[in-house]
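Each remark here refers to the structure printed beneath this line.
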Amino acid sequence: MSRVLDWDITVPFRWTCGPVYGRFLGGLKEKQLLGFECPRCQEVYCPPQDICPRCGGDFDPEQCRPLGEEGDLVSFTVVEANLFGPRPDDEYLRRRIHPADLGEHPLLWPPDPPYAIVMVRLDGAANNFLHLARGEDLSRLQVGCRMRAVWKEEREGFLLDLDRFTVL
Amino acid sequence: MKEVGIIAWAHSEFSPRNEGMSRNELLYQVTKKVLEEAGMEIGQIDMVISASCDTVDGTSISNAYVVDEMGAYMKEESKVEEDGAYALAYAYYRLLTGQYNNCLVVSHGKISDSAPAFYTNMSCDPFLLRPLGLTGESAAALQARVYAHRFGATEEDFAAVAVKNRRLGSINPHTQLKSPVTLEEVLASPVVASPLRELTTAPVTDGAAAVIMATGEYARERGKDLVRVEGIGFSQDLYYPGNKDLSTSASAKAAAAMAYREAQVKDPLRELDFAEITEQHAFYELLLYEALGWCGPGEGRRLLAEGVTDREGEFPVNPSGGALCANPVMSAGLVRVVECCRQLTGTAEGYQLPKPVRRALAHACSGLFLQSNLAIILGI
Ligand SMILES: [Zn+2]
């Protein structure tokens, strides 16, 4: 007979953002989508990387400026299957925060389907930004349509400070 | 250059959930089987290269716990946290040094003990992708949409790949899904993440695979036939999907170019007889026809529609049914190698290709958005 032990793995963890991601995520708190200019090839990236994905230039976290809140939809998928199961209660999710760093932190869990993951080329950016869309926008998404950022009321320097993109 | 190849191969049974066996037992079973196939004992093996994944196994340094079962006790063993086909590549380069006679290559994954969505979401960075709930399915769906939009490919084109591969898999006694499906059934299957449906996505598969590699001298001394490795290429693309062209796979192109260069293949469609590729999503197959250099950009669906890549075609692709019929995590690519070996040695009983075959390409991939690709040219 075969027995099974059910025992999930919860590893408290904290992620050091570093200067470039830190600046980018800090910008979201201020309702800014910051584009970072590569000092070598002058392309503007939103979101940035630590180094330029094309030429290897070293991004300066201060060399950035807010882009507009609009862009073109490059791709999307409407996620219909719930592959993660129901969201656990907050107590469970809080246990995953690093014990040395307890305090107010986003309780991370994937969004409930149906929702969309969208790829948006923000005006002035050289790359595409992956984020979310929801609600009645799901049936209006079309490659090439114009999208605009929608912000959360309360923001904490996290990717989901930007609530979603909506179809214009 | 030194001759290096494969002298024996095996894989476990494939099932969506192997109730009876732990990962250690899966691995032990396949290790025993491949040694039997080679007529060797574990004491004759010089080194072991394994492939497994910490998040699939639920332990860090996932090879440590299964060293006994893979026969690596008191041997040189290294692990690759990639598909088993990448472990084969490491073994190949080590054998080329002349320091070793042979190598056991093993891979295992009991994905049903883990949870596939969590496993692929865990491979995403925590700043930009993981909070979106991105998984293998939604990543592939975003790429499928870019491919479809650029080339005008449709859901029917993707479904046609699933129909071909499920039909081919239906005569392969070793695979998991042995029933053919119709175009209507594929298009009526539930949407997982648009435009991908259940039947255009590979199944969940528990499994393990193994090959024994050896130098030409060692194989000849022991009277073993060798399926020669004639060339290997691999390449990594950028990580963040917003930074690259998703209508193709630059790393698959680079991997194929490197393998073709080593094997001196100039016109793959003419000089190779067939291929086994890791099409974990139906549209991967069309995209890979193009990236691996078998047709121009956007022409993948034409190659499929003309029957070129079917069983009776000039260049069959996935005569085993491919990953759409069985997708053992960490072994899907190594199983492509095993399937090439079967065809090349005329031992694909029940699904042997009708034409004579001497040279093939096996493809493996790893990561979301086809980030990493590996191509191996095999010949007899
Ligand atoms: Zn640059």
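Numbering starts fresh at 1 for the residues of each chain in the structure tokens, the chains themselves are lettered A, B, ... in the order given, and ligands are numbered from 1 as they appear.
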DSSP strand (DSSP E or B) residues within region 89-304 of chain B, as a ChimeraX atom specification: /B:102-109,191-193,196-197,201,205-215,227-236,274-276,281
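Near ligand 1, at distances of 8 Å or less and with only C-alpha atoms and all ligand atoms counted, sit the residues Glu37, Cys38, Pro39, Arg40, Cys41, Gln42, Glu43, Ile51, Cys52, Pro53, Arg54, Cys55, Gly56, Gly57 and Asp58 of chain A.
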Take the residues from that selection and put them in a file with all heavy atoms, as a tab-separated table (two decimals), in the first residue's frame.
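What landed in selection_25.tsv:
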chain	number	residue	atom	x	y	z
A	37	GLU	N	16.76	55.13	-19.05
A	37	GLU	CA	17.49	55.27	-20.32
A	37	GLU	C	18.85	54.59	-20.21
A	37	GLU	O	19.62	54.86	-19.29
A	37	GLU	CB	17.68	56.74	-20.65
A	37	GLU	CG	18.25	56.93	-22.05
A	37	GLU	CD	18.47	58.39	-22.40
A	37	GLU	OE1	17.51	59.18	-22.32
A	37	GLU	OE2	19.62	58.73	-22.74
A	38	CYS	N	19.13	53.73	-21.17
A	38	CYS	CA	20.43	53.06	-21.20
A	38	CYS	C	21.51	54.09	-21.53
A	38	CYS	O	21.39	54.80	-22.52
A	38	CYS	CB	20.44	51.94	-22.24
A	38	CYS	SG	22.08	51.27	-22.52
A	39	PRO	N	22.56	54.19	-20.69
A	39	PRO	CA	23.59	55.20	-20.94
A	39	PRO	C	24.38	54.90	-22.21
A	39	PRO	O	25.04	55.78	-22.73
A	39	PRO	CB	24.49	55.09	-19.70
A	39	PRO	CG	24.23	53.75	-19.13
A	39	PRO	CD	22.83	53.39	-19.50
A	40	ARG	N	24.29	53.68	-22.71
A	40	ARG	CA	25.11	53.34	-23.89
A	40	ARG	C	24.29	53.45	-25.19
A	40	ARG	O	24.70	54.12	-26.12
A	40	ARG	CB	25.67	51.92	-23.73
A	40	ARG	CG	26.88	51.69	-24.62
A	40	ARG	CD	27.32	50.25	-24.61
A	40	ARG	NE	27.99	49.86	-23.38
A	40	ARG	CZ	28.41	48.62	-23.15
A	40	ARG	NH1	28.21	47.66	-24.04
A	40	ARG	NH2	29.01	48.31	-22.02
A	41	CYS	N	23.12	52.79	-25.24
A	41	CYS	CA	22.36	52.79	-26.51
A	41	CYS	C	21.18	53.77	-26.50
A	41	CYS	O	20.48	53.91	-27.51
A	41	CYS	CB	21.90	51.39	-26.87
A	41	CYS	SG	20.58	50.73	-25.84
A	42	GLN	N	20.96	54.42	-25.36
A	42	GLN	CA	19.92	55.46	-25.22
A	42	GLN	C	18.49	54.93	-25.38
A	42	GLN	O	17.55	55.72	-25.45
A	42	GLN	CB	20.14	56.63	-26.22
A	42	GLN	CG	21.04	57.74	-25.69
A	42	GLN	CD	22.51	57.37	-25.72
A	42	GLN	OE1	22.99	56.94	-26.76
A	42	GLN	NE2	23.18	57.51	-24.61
A	43	GLU	N	18.31	53.61	-25.45
A	43	GLU	CA	16.94	53.09	-25.48
A	43	GLU	C	16.33	53.24	-24.08
A	43	GLU	O	17.04	53.16	-23.07
A	43	GLU	CB	16.93	51.61	-25.85
A	43	GLU	CG	17.39	51.34	-27.27
A	43	GLU	CD	16.28	51.53	-28.31
A	43	GLU	OE1	15.30	52.24	-28.02
A	43	GLU	OE2	16.43	50.97	-29.40
A	51	ILE	N	20.87	45.64	-16.01
A	51	ILE	CA	21.69	46.07	-17.15
A	51	ILE	C	20.84	46.00	-18.41
A	51	ILE	O	19.84	45.28	-18.46
A	51	ILE	CB	22.96	45.20	-17.31
A	51	ILE	CG1	22.57	43.73	-17.45
A	51	ILE	CG2	23.92	45.41	-16.16
A	51	ILE	CD1	23.69	42.88	-17.98
A	52	CYS	N	21.25	46.76	-19.42
A	52	CYS	CA	20.47	46.84	-20.66
A	52	CYS	C	20.41	45.48	-21.34
A	52	CYS	O	21.45	44.86	-21.60
A	52	CYS	CB	21.11	47.87	-21.60
A	52	CYS	SG	20.28	47.96	-23.20
A	53	PRO	N	19.20	44.98	-21.64
A	53	PRO	CA	19.07	43.65	-22.22
A	53	PRO	C	19.65	43.55	-23.63
A	53	PRO	O	19.94	42.46	-24.10
A	53	PRO	CB	17.56	43.40	-22.23
A	53	PRO	CG	16.93	44.74	-22.10
A	53	PRO	CD	17.90	45.60	-21.36
A	54	ARG	N	19.82	44.67	-24.28
A	54	ARG	CA	20.33	44.61	-25.66
A	54	ARG	C	21.84	44.85	-25.73
A	54	ARG	O	22.55	44.14	-26.42
A	54	ARG	CB	19.61	45.64	-26.54
A	54	ARG	CG	18.22	45.21	-26.92
A	54	ARG	CD	18.21	44.06	-27.94
A	54	ARG	NE	16.90	43.42	-27.96
A	54	ARG	CZ	16.69	42.11	-27.89
A	54	ARG	NH1	17.69	41.27	-27.79
A	54	ARG	NH2	15.47	41.62	-27.92
A	55	CYS	N	22.33	45.90	-25.03
A	55	CYS	CA	23.74	46.26	-25.23
A	55	CYS	C	24.58	46.04	-23.99
A	55	CYS	O	25.80	46.20	-24.04
A	55	CYS	CB	23.84	47.70	-25.73
A	55	CYS	SG	23.71	48.92	-24.41
A	56	GLY	N	23.97	45.67	-22.87
A	56	GLY	CA	24.75	45.42	-21.66
A	56	GLY	C	25.11	46.69	-20.90
A	56	GLY	O	25.82	46.62	-19.90
A	57	GLY	N	24.62	47.84	-21.34
A	57	GLY	CA	24.88	49.10	-20.63
A	57	GLY	C	24.37	49.03	-19.20
A	57	GLY	O	23.41	48.32	-18.90
A	58	ASP	N	25.06	49.75	-18.32
A	58	ASP	CA	24.74	49.69	-16.89
A	58	ASP	C	23.75	50.80	-16.55
A	58	ASP	O	24.12	51.98	-16.57
A	58	ASP	CB	26.08	49.88	-16.13
A	58	ASP	CG	25.97	49.41	-14.71
A	58	ASP	OD1	24.86	49.04	-14.27
A	58	ASP	OD2	27.01	49.43	-14.02
Shell around Asp89 (chain A) at 12 Å using only C-alpha atoms, local window under 5 positions removed, as a PDB file with N, CA, C and O atoms, in the first residue's frame:
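Generated file (result15.pdb):
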ATOM      1  N   ARG A  94       0.635  35.373   5.617  1.00  0.00           N
ATOM      2  CA  ARG A  94       1.527  36.190   6.445  1.00  0.00           C
ATOM      3  C   ARG A  94       2.722  35.367   6.943  1.00  0.00           C
ATOM      4  O   ARG A  94       3.796  35.894   7.151  1.00  0.00           O
ATOM      5  N   ARG A  95       2.505  34.062   7.099  1.00  0.00           N
ATOM      6  CA  ARG A  95       3.586  33.190   7.567  1.00  0.00           C
ATOM      7  C   ARG A  95       4.744  33.132   6.567  1.00  0.00           C
ATOM      8  O   ARG A  95       5.832  32.665   6.888  1.00  0.00           O
ATOM      9  N   LEU A 107       0.371  40.626   0.692  1.00  0.00           N
ATOM     10  CA  LEU A 107       0.222  39.180   0.837  1.00  0.00           C
ATOM     11  C   LEU A 107       0.033  38.625  -0.562  1.00  0.00           C
ATOM     12  O   LEU A 107      -1.005  38.829  -1.186  1.00  0.00           O
ATOM     13  N   LEU A 108       1.058  37.978  -1.051  1.00  0.00           N
ATOM     14  CA  LEU A 108       1.115  37.611  -2.461  1.00  0.00           C
ATOM     15  C   LEU A 108       0.365  36.318  -2.744  1.00  0.00           C
ATOM     16  O   LEU A 108       0.640  35.284  -2.145  1.00  0.00           O
ATOM     17  N   TRP A 109      -0.584  36.394  -3.671  1.00  0.00           N
ATOM     18  CA  TRP A 109      -1.276  35.203  -4.167  1.00  0.00           C
ATOM     19  C   TRP A 109      -1.751  35.514  -5.584  1.00  0.00           C
ATOM     20  O   TRP A 109      -2.160  36.649  -5.842  1.00  0.00           O
TER      21      TRP A 109
END
Within 6 Å of chain B: residues of chain A, using only C-alpha atoms, as a PyMOL selection string: chain A and resi 2+75-81+83+110+127-129
Chain A: residues DSSP assigns to helix (DSSP H, G or I), reported as a ChimeraX atom specification: /A:18-29,90-94,99-101,135-139,159-161
Write a file of the just-selected residues containing N, CA, C and O atoms, as an mmCIF file, in the first residue's frame.
data_model
loop_
_atom_site.group_PDB
_atom_site.id
_atom_site.type_symbol
_atom_site.label_atom_id
_atom_site.label_comp_id
_atom_site.auth_asym_id
_atom_site.auth_seq_id
_atom_site.Cartn_x
_atom_site.Cartn_y
_atom_site.Cartn_z
ATOM 1 N N GLY A 18 17.407 45.973 -4.907
ATOM 2 C CA GLY A 18 18.529 46.598 -5.609
ATOM 3 C C GLY A 18 18.125 47.975 -6.111
ATOM 4 O O GLY A 18 16.944 48.329 -6.099
ATOM 5 N N PRO A 19 19.122 48.778 -6.554
ATOM 6 C CA PRO A 19 18.839 50.183 -6.862
ATOM 7 C C PRO A 19 17.878 50.397 -8.034
ATOM 8 O O PRO A 19 17.017 51.282 -7.969
ATOM 9 N N VAL A 20 17.990 49.599 -9.106
ATOM 10 C CA VAL A 20 17.172 49.883 -10.293
ATOM 11 C C VAL A 20 15.724 49.432 -10.074
ATOM 12 O O VAL A 20 14.781 50.216 -10.219
ATOM 13 N N TYR A 21 15.532 48.173 -9.712
ATOM 14 C CA TYR A 21 14.165 47.702 -9.422
ATOM 15 C C TYR A 21 13.562 48.507 -8.265
ATOM 16 O O TYR A 21 12.375 48.810 -8.251
ATOM 17 N N GLY A 22 14.401 48.803 -7.274
ATOM 18 C CA GLY A 22 13.930 49.572 -6.116
ATOM 19 C C GLY A 22 13.369 50.922 -6.563
ATOM 20 O O GLY A 22 12.314 51.351 -6.107
ATOM 21 N N ARG A 23 14.093 51.586 -7.455
ATOM 22 C CA ARG A 23 13.651 52.888 -7.965
ATOM 23 C C ARG A 23 12.362 52.726 -8.778
ATOM 24 O O ARG A 23 11.437 53.523 -8.664
ATOM 25 N N PHE A 24 12.321 51.695 -9.602
ATOM 26 C CA PHE A 24 11.143 51.466 -10.450
ATOM 27 C C PHE A 24 9.903 51.208 -9.592
ATOM 28 O O PHE A 24 8.847 51.812 -9.795
ATOM 29 N N LEU A 25 10.055 50.325 -8.592
ATOM 30 C CA LEU A 25 8.907 49.981 -7.737
ATOM 31 C C LEU A 25 8.510 51.177 -6.869
ATOM 32 O O LEU A 25 7.322 51.413 -6.620
ATOM 33 N N GLY A 26 9.527 51.950 -6.437
ATOM 34 C CA GLY A 26 9.240 53.175 -5.689
ATOM 35 C C GLY A 26 8.442 54.160 -6.539
ATOM 36 O O GLY A 26 7.562 54.857 -6.037
ATOM 37 N N GLY A 27 8.735 54.191 -7.829
ATOM 38 C CA GLY A 27 7.992 55.058 -8.756
ATOM 39 C C GLY A 27 6.514 54.692 -8.808
ATOM 40 O O GLY A 27 5.640 55.561 -8.870
ATOM 41 N N LEU A 28 6.234 53.392 -8.750
ATOM 42 C CA LEU A 28 4.832 52.948 -8.815
ATOM 43 C C LEU A 28 4.043 53.522 -7.635
ATOM 44 O O LEU A 28 2.874 53.885 -7.765
ATOM 45 N N LYS A 29 4.712 53.609 -6.487
ATOM 46 C CA LYS A 29 4.054 54.158 -5.300
ATOM 47 C C LYS A 29 3.613 55.602 -5.552
ATOM 48 O O LYS A 29 2.605 56.060 -5.024
ATOM 49 N N ASP A 90 -5.416 35.061 5.108
ATOM 50 C CA ASP A 90 -4.289 35.975 5.261
ATOM 51 C C ASP A 90 -3.255 35.458 6.254
ATOM 52 O O ASP A 90 -2.056 35.688 6.100
ATOM 53 N N GLU A 91 -3.737 34.747 7.293
ATOM 54 C CA GLU A 91 -2.818 34.234 8.314
ATOM 55 C C GLU A 91 -1.780 33.306 7.689
ATOM 56 O O GLU A 91 -0.596 33.382 7.968
ATOM 57 N N TYR A 92 -2.253 32.459 6.807
ATOM 58 C CA TYR A 92 -1.357 31.535 6.106
ATOM 59 C C TYR A 92 -0.353 32.324 5.264
ATOM 60 O O TYR A 92 0.848 32.052 5.293
ATOM 61 N N LEU A 93 -0.846 33.314 4.532
ATOM 62 C CA LEU A 93 0.036 34.069 3.641
ATOM 63 C C LEU A 93 1.051 34.894 4.433
ATOM 64 O O LEU A 93 2.188 35.085 4.018
ATOM 65 N N ARG A 94 0.635 35.373 5.617
ATOM 66 C CA ARG A 94 1.527 36.190 6.445
ATOM 67 C C ARG A 94 2.722 35.367 6.943
ATOM 68 O O ARG A 94 3.796 35.894 7.151
ATOM 69 N N PRO A 99 10.701 36.548 8.971
ATOM 70 C CA PRO A 99 10.514 36.891 10.387
ATOM 71 C C PRO A 99 11.299 38.140 10.807
ATOM 72 O O PRO A 99 10.903 38.843 11.740
ATOM 73 N N ALA A 100 12.398 38.427 10.116
ATOM 74 C CA ALA A 100 13.205 39.595 10.484
ATOM 75 C C ALA A 100 12.591 40.880 9.945
ATOM 76 O O ALA A 100 13.088 41.963 10.200
ATOM 77 N N ASP A 101 11.542 40.750 9.189
ATOM 78 C CA ASP A 101 11.065 41.895 8.435
ATOM 79 C C ASP A 101 9.537 41.992 8.477
ATOM 80 O O ASP A 101 8.914 42.431 7.529
ATOM 81 N N GLY A 135 -12.213 42.228 -15.529
ATOM 82 C CA GLY A 135 -13.591 42.714 -15.645
ATOM 83 C C GLY A 135 -14.072 42.809 -17.080
ATOM 84 O O GLY A 135 -13.771 41.949 -17.894
ATOM 85 N N GLU A 136 -14.788 43.907 -17.371
ATOM 86 C CA GLU A 136 -15.394 43.987 -18.706
ATOM 87 C C GLU A 136 -14.362 44.191 -19.808
ATOM 88 O O GLU A 136 -14.666 44.005 -20.980
ATOM 89 N N ASP A 137 -13.134 44.558 -19.421
ATOM 90 C CA ASP A 137 -12.084 44.684 -20.448
ATOM 91 C C ASP A 137 -11.748 43.338 -21.093
ATOM 92 O O ASP A 137 -11.233 43.308 -22.211
ATOM 93 N N LEU A 138 -12.016 42.241 -20.401
ATOM 94 C CA LEU A 138 -11.587 40.935 -20.910
ATOM 95 C C LEU A 138 -12.141 40.656 -22.304
ATOM 96 O O LEU A 138 -11.467 40.066 -23.140
ATOM 97 N N SER A 139 -13.368 41.109 -22.573
ATOM 98 C CA SER A 139 -13.959 40.846 -23.888
ATOM 99 C C SER A 139 -13.604 41.940 -24.903
ATOM 100 O O SER A 139 -13.939 41.830 -26.068
ATOM 101 N N LEU A 159 4.621 45.855 -7.543
ATOM 102 C CA LEU A 159 4.125 45.773 -8.921
ATOM 103 C C LEU A 159 2.612 46.023 -9.009
ATOM 104 O O LEU A 159 2.125 46.657 -9.940
ATOM 105 N N LEU A 160 1.871 45.514 -8.015
ATOM 106 C CA LEU A 160 0.415 45.606 -8.095
ATOM 107 C C LEU A 160 -0.128 46.900 -7.480
ATOM 108 O O LEU A 160 -1.325 47.015 -7.238
ATOM 109 N N ASP A 161 0.773 47.906 -7.250
ATOM 110 C CA ASP A 161 0.300 49.277 -6.986
ATOM 111 C C ASP A 161 -0.459 49.765 -8.219
ATOM 112 O O ASP A 161 -1.405 50.537 -8.127
#
